[in-house]
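Single-structure report; data block below.
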Amino acid sequence: MTAESKRRLPELGRHGEGWVAVQAALIAAILLSALVGLGWPKQLELAATVAGAVLLALGVLLLVAGALRLGASLTPLPKPRAGRELTTTGVYGLARHPMYGGGILFALGWSTVFGSVVGLLLTVVLVLFVELKSRREEQWLAERHPGYAEYRRRTPHRFIPYVY
């Protein structure tokens with residue numbers, strides 16, 4: 001077994017369907033966590049609601065900007081579509097996986113608005129999960145697009161422009 005094959009993440013399906021299934025389950029659990037939210041102390045309620053709403057809005061903005069920029073290349077699967085060009089402009093010039101960043105911000109905002117500790121913990125799990133999923137996706141992107149290594153070098157932020 002080579003060092004490269006040891007670092008390779010599992011495909012979880014021909015196009016990464018298993019990655020999508022786990023992510024969908026995590027997102028559903030985060031949304032449902034609102035039902036068990038404990039809420040915030042009265043003195044923090046307004047600030048938490050405003051902060052959560054801002055995070056929700058930023059998350060939706062990143063999701064929409066990423067989807068619009070991808071256009072016909074958009075797929076829920078981590079394996080890139082054959083015959084499509086690598087998208088490196090717009091929001092993809094600022095972060096390599098802005099839609100994952102949008103999902104993270106949305107989950108964080110949702111959990112904050114509803115005061116759900118369970119949701120916040122699940123959001124941490126989501127961040128760790130999309131970190132792995134994006135690494136698997138980048139392996140496929142590097143195989144398909146010879147310029148991916150250069151794009152990755154010049155676009156250091158993985159999910160959220162200027163932040164992460």
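Chain labels A, B, ... are given in the sequence in which chains occur in the structure tokens; within each chain residues are numbered consecutively from 1, and ligands are likewise numbered from 1 in the order shown.
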Close residues, A:Tyr162 itself excluded, 12 Å, only C-alpha atoms, min 4 positions apart in chain, as a ChimeraX atom specification: /A:91-96,98,101,155-158
Output for the residues just chosen: C-alpha atoms as a PDB file, in the first residue's frame:
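Saved to result_28.pdb:
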```pdb
ATOM      1  CA  VAL A  91     -17.239  33.105  -5.009  1.00  0.00           C
ATOM      2  CA  TYR A  92     -15.055  30.137  -6.071  1.00  0.00           C
ATOM      3  CA  GLY A  93     -12.163  32.577  -6.393  1.00  0.00           C
ATOM      4  CA  LEU A  94     -12.555  33.295  -2.671  1.00  0.00           C
ATOM      5  CA  ALA A  95     -13.233  29.792  -1.292  1.00  0.00           C
ATOM      6  CA  ARG A  96     -12.927  26.353  -2.867  1.00  0.00           C
ATOM      7  CA  PRO A  98     -18.400  27.958  -0.634  1.00  0.00           C
ATOM      8  CA  GLY A 101     -19.388  26.986   3.945  1.00  0.00           C
ATOM      9  CA  THR A 155      -7.368  29.853  -3.068  1.00  0.00           C
ATOM     10  CA  PRO A 156      -6.350  28.935   0.486  1.00  0.00           C
ATOM     11  CA  HIS A 157      -9.787  29.271   2.092  1.00  0.00           C
ATOM     12  CA  ARG A 158     -11.733  26.044   1.902  1.00  0.00           C
TER      13      ARG A 158
END
```
Taking 4 positions as the minimum chain separation for residues in the same chain, which residues sit within 7 Å of stretch 36-44 of chain A when counting only C-alpha atoms? Answer as a ChimeraX atom specification. /A:48,114-117
Keeping only N, CA and C atoms, write the selected residues to a file as a compact mmCIF listing (two decimals), in the first residue's frame.
```txt
# COMPACT_ATOMS: atom_id res chain seq x y z
N ALA A 48 -28.79 36.56 20.49
CA ALA A 48 -28.66 35.25 19.85
C ALA A 48 -29.53 35.17 18.60
N PHE A 114 -32.45 28.92 17.51
CA PHE A 114 -33.30 28.06 18.33
C PHE A 114 -32.68 27.69 19.68
N GLY A 115 -31.49 28.19 19.96
CA GLY A 115 -30.85 27.92 21.24
C GLY A 115 -30.66 26.44 21.49
N SER A 116 -30.29 25.73 20.44
CA SER A 116 -30.17 24.28 20.54
C SER A 116 -28.71 23.84 20.72
N VAL A 117 -28.40 23.39 21.93
CA VAL A 117 -27.06 22.85 22.19
C VAL A 117 -26.84 21.61 21.34
```
Taking the DSSP secondary structure from the backbone, can you list the residues of chain A that are alpha helix (DSSP H), as a PyMOL selection string? chain A and resi 3-7+17-32+42-70+98-113+117-144+148-154
Can you list, as JSON, numbers by chain, every protein, DNA or RNA residue that comes within 12 Å of A:Tyr148 when you count only C-alpha atoms, leaving out same-chain residues fewer than 2 positions away? {"A": [85, 86, 87, 88, 96, 137, 138, 139, 140, 141, 142, 143, 144, 145, 146, 150, 151, 152, 153, 154, 155]}
Env of A:Glu11: 12 Å cut, atoms = only C-alpha atoms, seq-sep filter 5 positions within chain, self excluded. Answer as number ranges by chain. A: 16-20, 77-79, 132-140
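Each of A:Gly71, A:Gly102, A:Gly147, A:Gly52 was compared to A:Phe159 using only C-alpha atoms, and A:Gly102 turns out to be the nearest.
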Residues at most 8 Å from A:Leu55, counting only C-alpha atoms, excluding those fewer than 4 positions away in the same chain, as a PyMOL selection string? chain A and resi 51+59+105-106+108-109
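The interatomic distance for the pair atom CA of A:Leu32 and atom CA of A:Glu45 works out to 19.9 Å.
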Which value, in Å to one decimal, gives the distance between atom CA of A:Gly66 and atom CA of A:Met99? 5.5 Å
